[in-house]
file coords-v8.cif (mmCIF, C-alpha atoms)
data_model
#
loop_
_atom_site.label_atom_id
_atom_site.label_comp_id
_atom_site.auth_asym_id
_atom_site.auth_seq_id
_atom_site.Cartn_x
_atom_site.Cartn_y
_atom_site.Cartn_z
CA MET Q 13 98.95 117.99 103.18
CA GLU Q 14 95.98 120.24 103.71
CA ILE Q 15 96.20 123.01 106.23
CA GLU Q 16 93.62 122.42 108.89
CA ARG Q 17 91.62 125.29 110.18
CA PRO Q 18 92.17 126.16 113.81
CA GLN Q 19 89.41 124.59 115.81
CA ALA Q 20 87.80 126.03 118.85
CA ALA Q 21 89.32 125.11 122.19
CA GLN Q 22 87.72 121.95 123.56
CA GLY Q 23 87.14 120.97 127.12
CA GLY Q 24 87.06 124.53 128.40
CA ASP Q 25 90.62 125.45 127.20
CA GLY Q 26 91.20 129.18 126.90
CA CYS Q 27 93.70 131.33 125.03
CA LEU Q 28 96.52 130.09 127.30
CA ALA Q 29 96.06 126.54 125.95
CA GLY Q 30 96.20 127.81 122.36
CA VAL Q 31 99.41 129.73 123.05
CA VAL Q 32 101.08 126.65 124.58
CA ARG Q 33 99.89 124.21 121.85
CA VAL Q 34 101.74 125.87 118.92
CA PRO Q 35 105.31 125.73 120.42
CA VAL Q 36 104.70 122.16 121.54
CA LYS Q 37 103.73 121.12 118.00
CA VAL Q 38 106.81 122.83 116.57
CA VAL Q 39 109.13 121.07 119.03
CA ALA Q 40 107.44 117.72 118.34
CA VAL Q 41 107.91 118.05 114.56
CA LEU Q 42 111.47 119.47 114.56
CA VAL Q 43 113.02 117.53 117.48
CA VAL Q 44 110.98 114.49 118.51
CA LEU Q 45 110.13 113.24 115.01
CA PRO Q 46 113.79 113.04 113.70
CA VAL Q 47 114.99 111.40 116.89
CA ARG Q 48 112.18 108.83 116.73
CA MET Q 49 112.90 108.06 113.06
CA VAL Q 50 116.62 107.57 113.74
CA TRP Q 51 115.80 105.35 116.72
CA ASP Q 52 113.39 103.18 114.66
CA LEU Q 53 116.03 102.87 111.90
CA LEU Q 54 118.70 101.75 114.41
CA VAL Q 55 116.34 99.19 115.94
CA PHE Q 56 115.47 97.78 112.52
CA CYS Q 57 119.18 97.51 111.53
CA ALA Q 58 120.09 95.84 114.83
CA ARG Q 59 117.30 93.26 114.50
CA ALA Q 60 118.23 92.52 110.87
CA ALA Q 61 121.92 92.11 111.76
CA GLY Q 62 121.12 89.80 114.67
CA ARG Q 63 118.75 87.69 112.59
CA HIS Q 64 120.68 87.39 109.31
CA VAL Q 65 124.34 87.75 110.38
CA LEU Q 66 125.06 87.06 114.04
CA ALA Q 67 122.72 84.08 114.48
CA PRO Q 68 124.04 82.10 111.40
CA LEU Q 69 127.62 82.99 112.37
CA GLY Q 70 127.08 81.72 115.94
CA ASN Q 71 125.45 78.51 114.69
CA ALA Q 72 128.33 77.85 112.30
CA LEU Q 73 130.92 78.54 114.97
CA GLY Q 74 129.21 76.19 117.44
CA TRP Q 75 128.92 73.45 114.81
CA GLY Q 76 132.64 73.76 114.01
CA ILE Q 77 133.66 73.64 117.69
CA VAL Q 78 131.52 70.53 118.30
CA ARG Q 79 132.97 68.72 115.25
CA LEU Q 80 136.53 69.72 116.19
CA TRP Q 81 136.14 68.33 119.71
CA ARG Q 82 134.38 65.15 118.60
CA TYR Q 83 136.68 64.12 115.74
CA LEU Q 84 140.05 65.61 116.75
CA LEU Q 85 140.52 66.76 120.34
CA GLU Q 86 138.64 63.94 122.09
CA PRO Q 87 140.49 61.08 120.28
CA LEU Q 88 143.81 62.89 120.76
CA ALA Q 89 143.15 63.28 124.50
CA LEU Q 90 142.32 59.52 124.81
CA THR Q 91 145.68 58.43 123.10
CA VAL Q 92 147.73 60.90 125.07
CA PHE Q 93 146.07 61.26 128.57
CA TYR Q 94 144.00 58.13 129.17
CA TRP Q 95 145.18 54.88 127.59
CA PRO Q 96 148.93 55.14 128.54
CA TRP Q 97 148.08 55.59 132.21
CA VAL Q 98 145.45 52.86 132.09
CA GLY Q 99 147.99 50.44 130.59
CA LEU Q 100 150.65 51.47 133.11
CA TRP Q 101 148.28 50.83 136.00
CA ARG Q 102 146.83 47.59 134.59
CA TYR Q 103 150.05 45.89 133.41
CA VAL Q 104 152.74 47.38 135.70
CA ALA Q 105 151.55 49.04 138.92
CA ALA Q 106 148.73 46.59 139.79
CA PRO Q 107 150.81 43.36 139.31
CA VAL Q 108 153.82 44.79 141.15
CA GLY Q 109 151.67 46.03 144.05
CA SER Q 110 149.83 42.70 144.31
CA ALA Q 111 153.13 40.77 144.36
CA VAL Q 112 154.64 43.08 146.99
CA TYR Q 113 151.58 42.72 149.20
CA ARG Q 114 151.32 38.93 148.76
CA TYR Q 115 154.97 37.96 149.15
CA LEU Q 116 156.35 40.72 151.42
CA LEU Q 117 153.87 42.89 153.32
CA ARG Q 118 151.40 40.16 154.28
CA PRO Q 119 154.04 37.70 155.67
CA VAL Q 120 155.77 40.55 157.53
CA GLY Q 121 152.43 41.67 159.02
CA LEU Q 122 151.52 38.14 160.11
CA ALA Q 123 154.94 37.65 161.72
CA ALA Q 124 154.66 40.96 163.58
CA ALA Q 125 151.16 40.11 164.83
CA TRP Q 126 152.32 36.65 166.04
CA ALA Q 127 155.31 38.25 167.83
CA VAL Q 128 153.08 40.78 169.58
CA LEU Q 129 150.59 38.10 170.66
CA ALA Q 130 153.38 35.85 171.93
CA PHE Q 131 155.02 38.70 173.85
CA GLY Q 132 151.70 39.60 175.47
CA ARG Q 133 150.84 35.98 176.35
CA TYR Q 134 154.22 34.75 177.63
CA VAL Q 135 155.74 37.99 179.02
CA LEU Q 136 153.18 40.70 179.83
CA ALA Q 137 150.50 38.39 181.24
CA PRO Q 138 152.82 36.67 183.80
CA VAL Q 139 154.36 40.00 184.80
CA GLY Q 140 150.90 41.55 185.27
CA ALA Q 141 149.71 38.57 187.35
CA GLY Q 142 152.80 38.85 189.58
CA LEU Q 143 152.33 42.58 190.09
CA GLY Q 144 148.67 42.05 190.95
CA TRP Q 145 149.57 39.41 193.59
CA VAL Q 146 152.20 41.71 195.10
CA LEU Q 147 149.79 44.67 195.26
CA ARG Q 148 146.89 42.58 196.58
CA ASP Q 149 148.73 40.49 199.21
CA LEU Q 150 151.76 42.61 200.20
CA VAL Q 151 150.94 46.28 199.65
CA ALA Q 152 147.16 46.59 200.10
CA PRO Q 153 146.83 45.25 203.72
CA PRO Q 154 149.36 47.71 205.29
CA LEU Q 155 147.87 50.61 203.31
CA THR Q 156 144.35 49.64 204.43
CA TRP Q 157 145.40 49.49 208.11
CA LEU Q 158 147.22 52.86 207.80
CA HIS Q 159 144.12 54.49 206.25
CA ARG Q 160 141.72 53.03 208.80
CA GLN Q 161 143.74 53.41 212.05
CA VAL Q 162 145.82 56.54 211.40
CA LEU Q 163 144.69 58.74 208.51
CA THR Q 164 140.94 58.61 209.26
CA PRO Q 165 141.22 59.72 212.95
CA LEU Q 166 143.80 62.30 211.97
CA GLY Q 167 141.45 63.71 209.28
CA HIS Q 168 138.55 63.92 211.76
CA GLY Q 169 140.78 65.79 214.25
CA VAL Q 170 142.02 68.22 211.61
CA ARG Q 171 138.45 68.85 210.42
CA TRP Q 172 137.26 69.56 214.01
CA LEU Q 173 140.23 71.91 214.57
CA VAL Q 174 139.65 73.80 211.31
CA ARG Q 175 135.92 74.09 212.07
CA GLY Q 176 136.63 75.53 215.52
CA ILE Q 177 139.14 78.01 214.16
CA CYS Q 178 136.71 79.15 211.47
CA LEU Q 179 133.92 79.60 214.02
CA LEU Q 180 136.24 81.47 216.35
CA VAL Q 181 137.66 83.77 213.66
CA PHE Q 182 134.97 84.20 211.00
CA VAL Q 183 131.56 83.42 212.60
CA TRP Q 184 131.32 84.38 216.27
CA PRO Q 185 132.90 87.90 216.00
CA TRP Q 186 130.68 88.90 213.07
CA THR Q 187 127.61 87.37 214.74
CA GLY Q 188 128.23 89.38 217.93
CA LEU Q 189 128.91 92.52 215.91
CA TRP Q 190 125.62 92.10 214.02
CA ARG Q 191 123.58 91.19 217.10
CA TYR Q 192 124.95 93.76 219.59
CA ALA Q 193 126.03 96.67 217.34
CA VAL Q 194 124.62 96.76 213.81
CA LEU Q 195 121.08 95.59 214.65
CA PRO Q 196 120.50 98.08 217.55
CA LEU Q 197 122.05 100.89 215.49
CA GLY Q 198 119.76 100.07 212.55
CA ARG Q 199 116.69 100.00 214.76
CA GLY Q 200 117.60 103.37 216.30
CA THR Q 201 118.21 104.88 212.88
CA ALA Q 202 114.87 103.57 211.63
CA TRP Q 203 113.08 105.04 214.65
CA VAL Q 204 114.75 108.42 214.09
CA VAL Q 205 113.83 108.37 210.39
CA VAL Q 206 110.22 107.32 211.00
CA HIS Q 207 109.52 109.69 213.91
CA GLY Q 208 111.91 112.58 213.26
CA ILE Q 209 112.28 112.94 209.46
CA VAL Q 210 109.16 111.52 207.81
CA PRO Q 211 106.56 113.80 209.50
CA PRO Q 212 108.39 117.04 208.54
CA LEU Q 213 108.80 115.76 204.99
CA VAL Q 214 105.11 114.87 204.79
CA PHE Q 215 104.16 118.31 206.11
CA LEU Q 216 106.52 119.99 203.59
CA VAL Q 217 105.09 118.02 200.64
CA ARG Q 218 101.46 118.45 201.71
CA GLU Q 219 101.49 122.11 202.77
CA VAL Q 220 104.20 123.66 200.53
CA LEU Q 221 105.13 121.59 197.49
CA ALA Q 222 101.61 120.41 196.51
CA PRO Q 223 100.06 123.95 196.41
CA ALA Q 224 103.10 125.27 194.51
CA TRP Q 225 102.82 122.39 192.04
CA HIS Q 226 99.12 123.07 191.38
CA LEU Q 227 99.83 126.79 190.94
CA ALA Q 228 102.62 126.04 188.44
CA GLY Q 229 100.19 123.78 186.54
CA ARG Q 230 97.64 126.57 186.25
CA VAL Q 231 100.30 129.01 185.02
CA THR Q 232 101.55 126.45 182.48
CA ARG Q 233 98.04 125.80 181.13
CA ALA Q 234 97.38 129.55 180.81
CA LEU Q 235 100.68 129.99 178.97
CA GLY Q 236 99.81 127.10 176.65
CA ARG Q 237 96.42 128.62 175.81
CA GLY Q 238 98.14 131.95 175.01
CA LEU Q 239 100.72 130.27 172.76
CA ARG Q 240 97.99 128.30 170.98
CA TRP Q 241 96.01 131.53 170.39
CA LEU Q 242 99.16 133.21 169.00
CA TRP Q 243 99.85 130.21 166.72
CA ARG Q 244 96.34 130.22 165.30
CA GLY Q 245 96.24 134.00 164.80
CA CYS Q 246 99.79 134.53 163.45
CA VAL Q 247 100.62 131.31 161.60
CA ALA Q 248 97.74 128.90 160.97
CA ARG Q 249 95.11 131.35 159.68
CA PRO Q 250 97.53 133.25 157.34
CA LEU Q 251 98.79 129.94 155.95
CA ALA Q 252 95.21 128.74 155.38
CA TRP Q 253 94.37 132.02 153.60
CA VAL Q 254 97.48 131.71 151.36
CA ARG Q 255 96.63 128.09 150.51
CA ARG Q 256 92.99 128.90 149.74
CA HIS Q 257 93.44 132.16 147.78
CA VAL Q 258 96.94 131.75 146.24
CA ALA Q 259 98.22 128.16 146.08
CA THR Q 260 94.94 126.54 144.98
CA PRO Q 261 94.30 128.89 141.99
CA VAL Q 262 97.95 128.59 140.91
CA GLY Q 263 97.70 124.79 141.08
CA HIS Q 264 94.54 124.79 138.96
CA ALA Q 265 96.24 127.02 136.40
CA LEU Q 266 99.32 124.77 136.22
CA ARG Q 267 97.13 121.69 135.83
CA GLN Q 268 95.25 123.40 132.98
CA VAL Q 269 98.58 124.24 131.28
CA TRP Q 270 99.76 120.63 131.67
CA ARG Q 271 96.54 119.25 130.17
CA ALA Q 272 96.79 121.69 127.26
CA ALA Q 273 100.43 120.74 126.62
CA ARG Q 274 99.62 117.01 126.70
CA THR Q 275 96.70 117.52 124.30
CA ALA Q 276 98.94 119.55 121.98
CA VAL Q 277 101.60 116.80 121.95
CA GLY Q 278 98.98 114.17 121.11
CA GLU Q 279 97.58 116.28 118.30
CA ALA Q 280 101.10 116.96 116.94
CA ARG Q 281 101.87 113.22 116.89
CA ALA Q 282 98.57 112.52 115.13
CA GLU Q 283 99.27 115.21 112.51
CA VAL Q 284 102.80 113.83 111.93
CA ARG Q 285 101.42 110.30 111.40
CA ARG Q 286 98.75 111.55 109.07
CA ALA Q 287 101.38 113.53 107.16
CA ILE Q 288 103.70 110.52 106.81
CA PHE Q 289 101.43 107.49 106.58
CA GLY Q 290 98.25 109.00 105.27
CA THR Q 291 94.78 109.43 106.72
CA GLY Q 292 93.93 105.72 107.02
CA ALA Q 293 97.26 104.58 108.59
CA PRO Q 294 96.86 102.60 111.84
CA THR Q 295 98.04 104.33 115.00
CA ARG Q 296 99.75 102.69 117.98
#
call {"tool": "encode", "arguments": {"input": "coords-v8.cif", "output": "structure tokens"}}
result
Amino acid sequence: MEIERPQAAQGGDGCLAGVVRVPVKVVAVLVVLPVRMVWDLLVFCARAAGRHVLAPLGNALGWGIVRLWRYLLEPLALTVFYWPWVGLWRYVAAPVGSAVYRYLLRPVGLAAAWAVLAFGRYVLAPVGAGLGWVLRDLVAPPLTWLHRQVLTPLGHGVRWLVRGICLLVFVWPWTGLWRYAVLPLGRGTAWVVVHGIVPPLVFLVREVLAPAWHLAGRVTRALGRGLRWLWRGCVARPLAWVRRHVATPVGHALRQVWRAARTAVGEARAEVRRAIFGTGAPTR
């Protein structure tokens, strides 16, 4: 590998860029290059193992599991878990259940239904008809007369009595109290408030509080202008001077250092590739 002559700083880089470029190249060759080579070797080994070992092993294992289930476990499950229960249901449980339903449950159900229908037709229907006649012809007329001649007048009298008691206890006293006590008192209070309290309050607000309020506003505005002048003179202008004459040059210097370091790293990587792969090797 030929030793390249130091070239002049490009892009306006000064001596600071040259000082930073040399340590960056050294770190790139001694630290970054071995780590990158080890990483590329590990990636290559992992891909080769996955392609030539793990994938065929997984395919063989899947093929064996499929053949084991198809030719051994599935037939064994059908002799053990399926056909015995199918035969038991088809040749034992189904015939026995059909015979029990046909010769026992169905006749018993028909007999019970006939007994219920007969009991309803010959017992419940006559009893219900008799009770209806008794209620309609013997009980209903006296109850109708009692409701019409006794209970209805009595209810009207009780309602009139309750209404009078409610008016006497809950309506007339409160109406008189409102009409002859609360309403005159409210009107007198309103007159006193309107003619005895409101004019002094209006005079106090107009002649005392309003001038004081305007004076306090003027004082507050003057104080605000003084505080704003102090803020501009003591804080804002010094901060603007520091940003313009200190922070901005330092930021430009740091940006120049960062650009020089990035250029040095790129050149170190290019030199390492040229040293390993030759001058004509493709770069990524």
call {"tool": "atom_distance", "arguments": {"input": "coords-v8.cif", "atom1": "atom CA of Leu69 of chain Q", "atom2": "atom CA of Arg82 of chain Q"}}
result
20.1 Å
call {"tool": "atom_distance", "arguments": {"input": "coords-v8.cif", "atom1": "atom CA of Val284 of chain Q", "atom2": "atom CA of Pro46 of chain Q"}}
result
11.2 Å
call {"tool": "atom_distance", "arguments": {"input": "coords-v8.cif", "atom1": "atom CA of Phe289 of chain Q", "atom2": "atom CA of Arg48 of chain Q"}}
result
14.8 Å
call {"tool": "residues_near_point", "arguments": {"input": "coords-v8.cif", "point": "(108.1, 117.7, 115.3)", "cutoff": "12 Å", "atoms": "all atoms listed in the file", "output": "list in words"}}
result
Val34, Pro35, Val36, Lys37, Val38, Val39, Ala40, Val41, Leu42, Val43, Val44, Leu45, Pro46, Val47, Arg48, Met49, Ala276, Val277, Gly278, Glu279, Ala280, Arg281, Ala282, Glu283, Val284, Arg285, Ala287 and Ile288 of chain Q
call {"tool": "decode", "arguments": {"input": "coords-v8.cif", "residues": "segment 170-259 of chain Q", "atoms": "C-alpha atoms", "output": "PDB file, in the first residue's frame"}}
result
ATOM      1  CA  VAL Q 170    -115.041  11.767  52.103  1.00  0.00           C
ATOM      2  CA  ARG Q 171    -113.473  13.584  49.139  1.00  0.00           C
ATOM      3  CA  TRP Q 172    -115.417  16.802  49.939  1.00  0.00           C
ATOM      4  CA  LEU Q 173    -114.395  16.550  53.614  1.00  0.00           C
ATOM      5  CA  VAL Q 174    -110.711  15.967  52.800  1.00  0.00           C
ATOM      6  CA  ARG Q 175    -110.745  18.846  50.305  1.00  0.00           C
ATOM      7  CA  GLY Q 176    -112.227  21.217  52.891  1.00  0.00           C
ATOM      8  CA  ILE Q 177    -109.724  20.171  55.532  1.00  0.00           C
ATOM      9  CA  CYS Q 178    -106.830  20.665  53.118  1.00  0.00           C
ATOM     10  CA  LEU Q 179    -108.087  24.119  52.129  1.00  0.00           C
ATOM     11  CA  LEU Q 180    -108.602  25.062  55.755  1.00  0.00           C
ATOM     12  CA  VAL Q 181    -105.196  23.802  56.933  1.00  0.00           C
ATOM     13  CA  PHE Q 182    -102.802  24.102  53.990  1.00  0.00           C
ATOM     14  CA  VAL Q 183    -104.205  26.723  51.555  1.00  0.00           C
ATOM     15  CA  TRP Q 184    -106.103  29.545  53.251  1.00  0.00           C
ATOM     16  CA  PRO Q 185    -103.567  30.267  56.077  1.00  0.00           C
ATOM     17  CA  TRP Q 186    -100.617  30.411  53.676  1.00  0.00           C
ATOM     18  CA  THR Q 187    -102.616  32.475  51.170  1.00  0.00           C
ATOM     19  CA  GLY Q 188    -103.508  35.033  53.861  1.00  0.00           C
ATOM     20  CA  LEU Q 189     -99.923  35.073  55.118  1.00  0.00           C
ATOM     21  CA  TRP Q 190     -98.622  35.742  51.597  1.00  0.00           C
ATOM     22  CA  ARG Q 191    -101.274  38.345  50.751  1.00  0.00           C
ATOM     23  CA  TYR Q 192    -101.335  40.327  54.023  1.00  0.00           C
ATOM     24  CA  ALA Q 193     -97.788  39.854  55.401  1.00  0.00           C
ATOM     25  CA  VAL Q 194     -95.117  38.681  52.959  1.00  0.00           C
ATOM     26  CA  LEU Q 195     -96.243  40.731  49.944  1.00  0.00           C
ATOM     27  CA  PRO Q 196     -96.492  44.103  51.811  1.00  0.00           C
ATOM     28  CA  LEU Q 197     -93.195  43.411  53.574  1.00  0.00           C
ATOM     29  CA  GLY Q 198     -91.501  42.641  50.237  1.00  0.00           C
ATOM     30  CA  ARG Q 199     -92.863  45.794  48.648  1.00  0.00           C
ATOM     31  CA  GLY Q 200     -91.654  47.913  51.579  1.00  0.00           C
ATOM     32  CA  THR Q 201     -88.230  46.304  51.452  1.00  0.00           C
ATOM     33  CA  ALA Q 202     -88.002  46.924  47.718  1.00  0.00           C
ATOM     34  CA  TRP Q 203     -88.952  50.582  48.188  1.00  0.00           C
ATOM     35  CA  VAL Q 204     -86.319  50.995  50.900  1.00  0.00           C
ATOM     36  CA  VAL Q 205     -83.660  49.341  48.715  1.00  0.00           C
ATOM     37  CA  VAL Q 206     -84.546  51.362  45.606  1.00  0.00           C
ATOM     38  CA  HIS Q 207     -84.870  54.757  47.328  1.00  0.00           C
ATOM     39  CA  GLY Q 208     -82.566  54.422  50.341  1.00  0.00           C
ATOM     40  CA  ILE Q 209     -79.663  52.134  49.330  1.00  0.00           C
ATOM     41  CA  VAL Q 210     -79.248  52.321  45.548  1.00  0.00           C
ATOM     42  CA  PRO Q 211     -78.623  56.109  45.257  1.00  0.00           C
ATOM     43  CA  PRO Q 212     -75.813  56.119  47.876  1.00  0.00           C
ATOM     44  CA  LEU Q 213     -74.245  53.097  46.210  1.00  0.00           C
ATOM     45  CA  VAL Q 214     -74.433  54.765  42.797  1.00  0.00           C
ATOM     46  CA  PHE Q 215     -72.868  57.930  44.216  1.00  0.00           C
ATOM     47  CA  LEU Q 216     -70.097  55.877  45.902  1.00  0.00           C
ATOM     48  CA  VAL Q 217     -69.286  53.973  42.681  1.00  0.00           C
ATOM     49  CA  ARG Q 218     -69.448  57.049  40.451  1.00  0.00           C
ATOM     50  CA  GLU Q 219     -67.623  59.579  42.641  1.00  0.00           C
ATOM     51  CA  VAL Q 220     -65.168  57.408  44.642  1.00  0.00           C
ATOM     52  CA  LEU Q 221     -64.547  53.956  43.204  1.00  0.00           C
ATOM     53  CA  ALA Q 222     -64.402  54.909  39.494  1.00  0.00           C
ATOM     54  CA  PRO Q 223     -61.717  57.653  39.933  1.00  0.00           C
ATOM     55  CA  ALA Q 224     -59.694  55.362  42.212  1.00  0.00           C
ATOM     56  CA  TRP Q 225     -59.959  52.556  39.654  1.00  0.00           C
ATOM     57  CA  HIS Q 226     -58.714  54.784  36.813  1.00  0.00           C
ATOM     58  CA  LEU Q 227     -55.842  56.043  38.991  1.00  0.00           C
ATOM     59  CA  ALA Q 228     -54.833  52.467  39.847  1.00  0.00           C
ATOM     60  CA  GLY Q 229     -54.881  51.637  36.114  1.00  0.00           C
ATOM     61  CA  ARG Q 230     -52.510  54.486  35.337  1.00  0.00           C
ATOM     62  CA  VAL Q 231     -50.140  53.421  38.121  1.00  0.00           C
ATOM     63  CA  THR Q 232     -50.249  49.803  36.890  1.00  0.00           C
ATOM     64  CA  ARG Q 233     -49.472  50.813  33.294  1.00  0.00           C
ATOM     65  CA  ALA Q 234     -46.553  52.990  34.451  1.00  0.00           C
ATOM     66  CA  LEU Q 235     -45.209  50.111  36.547  1.00  0.00           C
ATOM     67  CA  GLY Q 236     -45.537  47.759  33.569  1.00  0.00           C
ATOM     68  CA  ARG Q 237     -43.592  50.128  31.311  1.00  0.00           C
ATOM     69  CA  GLY Q 238     -40.826  50.349  33.951  1.00  0.00           C
ATOM     70  CA  LEU Q 239     -40.630  46.558  34.302  1.00  0.00           C
ATOM     71  CA  ARG Q 240     -40.534  46.140  30.515  1.00  0.00           C
ATOM     72  CA  TRP Q 241     -37.693  48.691  30.278  1.00  0.00           C
ATOM     73  CA  LEU Q 242     -35.775  46.825  33.024  1.00  0.00           C
ATOM     74  CA  TRP Q 243     -36.333  43.479  31.241  1.00  0.00           C
ATOM     75  CA  ARG Q 244     -35.040  44.797  27.930  1.00  0.00           C
ATOM     76  CA  GLY Q 245     -32.027  46.537  29.473  1.00  0.00           C
ATOM     77  CA  CYS Q 246     -30.979  43.845  31.998  1.00  0.00           C
ATOM     78  CA  VAL Q 247     -32.006  40.553  30.383  1.00  0.00           C
ATOM     79  CA  ALA Q 248     -33.030  40.680  26.713  1.00  0.00           C
ATOM     80  CA  ARG Q 249     -30.185  42.804  25.323  1.00  0.00           C
ATOM     81  CA  PRO Q 250     -27.388  40.943  27.235  1.00  0.00           C
ATOM     82  CA  LEU Q 251     -28.837  37.607  26.090  1.00  0.00           C
ATOM     83  CA  ALA Q 252     -28.989  38.837  22.481  1.00  0.00           C
ATOM     84  CA  TRP Q 253     -25.359  40.016  22.698  1.00  0.00           C
ATOM     85  CA  VAL Q 254     -24.251  36.618  24.133  1.00  0.00           C
ATOM     86  CA  ARG Q 255     -26.127  34.737  21.393  1.00  0.00           C
ATOM     87  CA  ARG Q 256     -24.713  36.934  18.620  1.00  0.00           C
ATOM     88  CA  HIS Q 257     -21.073  37.214  19.776  1.00  0.00           C
ATOM     89  CA  VAL Q 258     -20.556  33.937  21.735  1.00  0.00           C
ATOM     90  CA  ALA Q 259     -23.073  31.179  20.956  1.00  0.00           C
TER      91      ALA Q 259
END
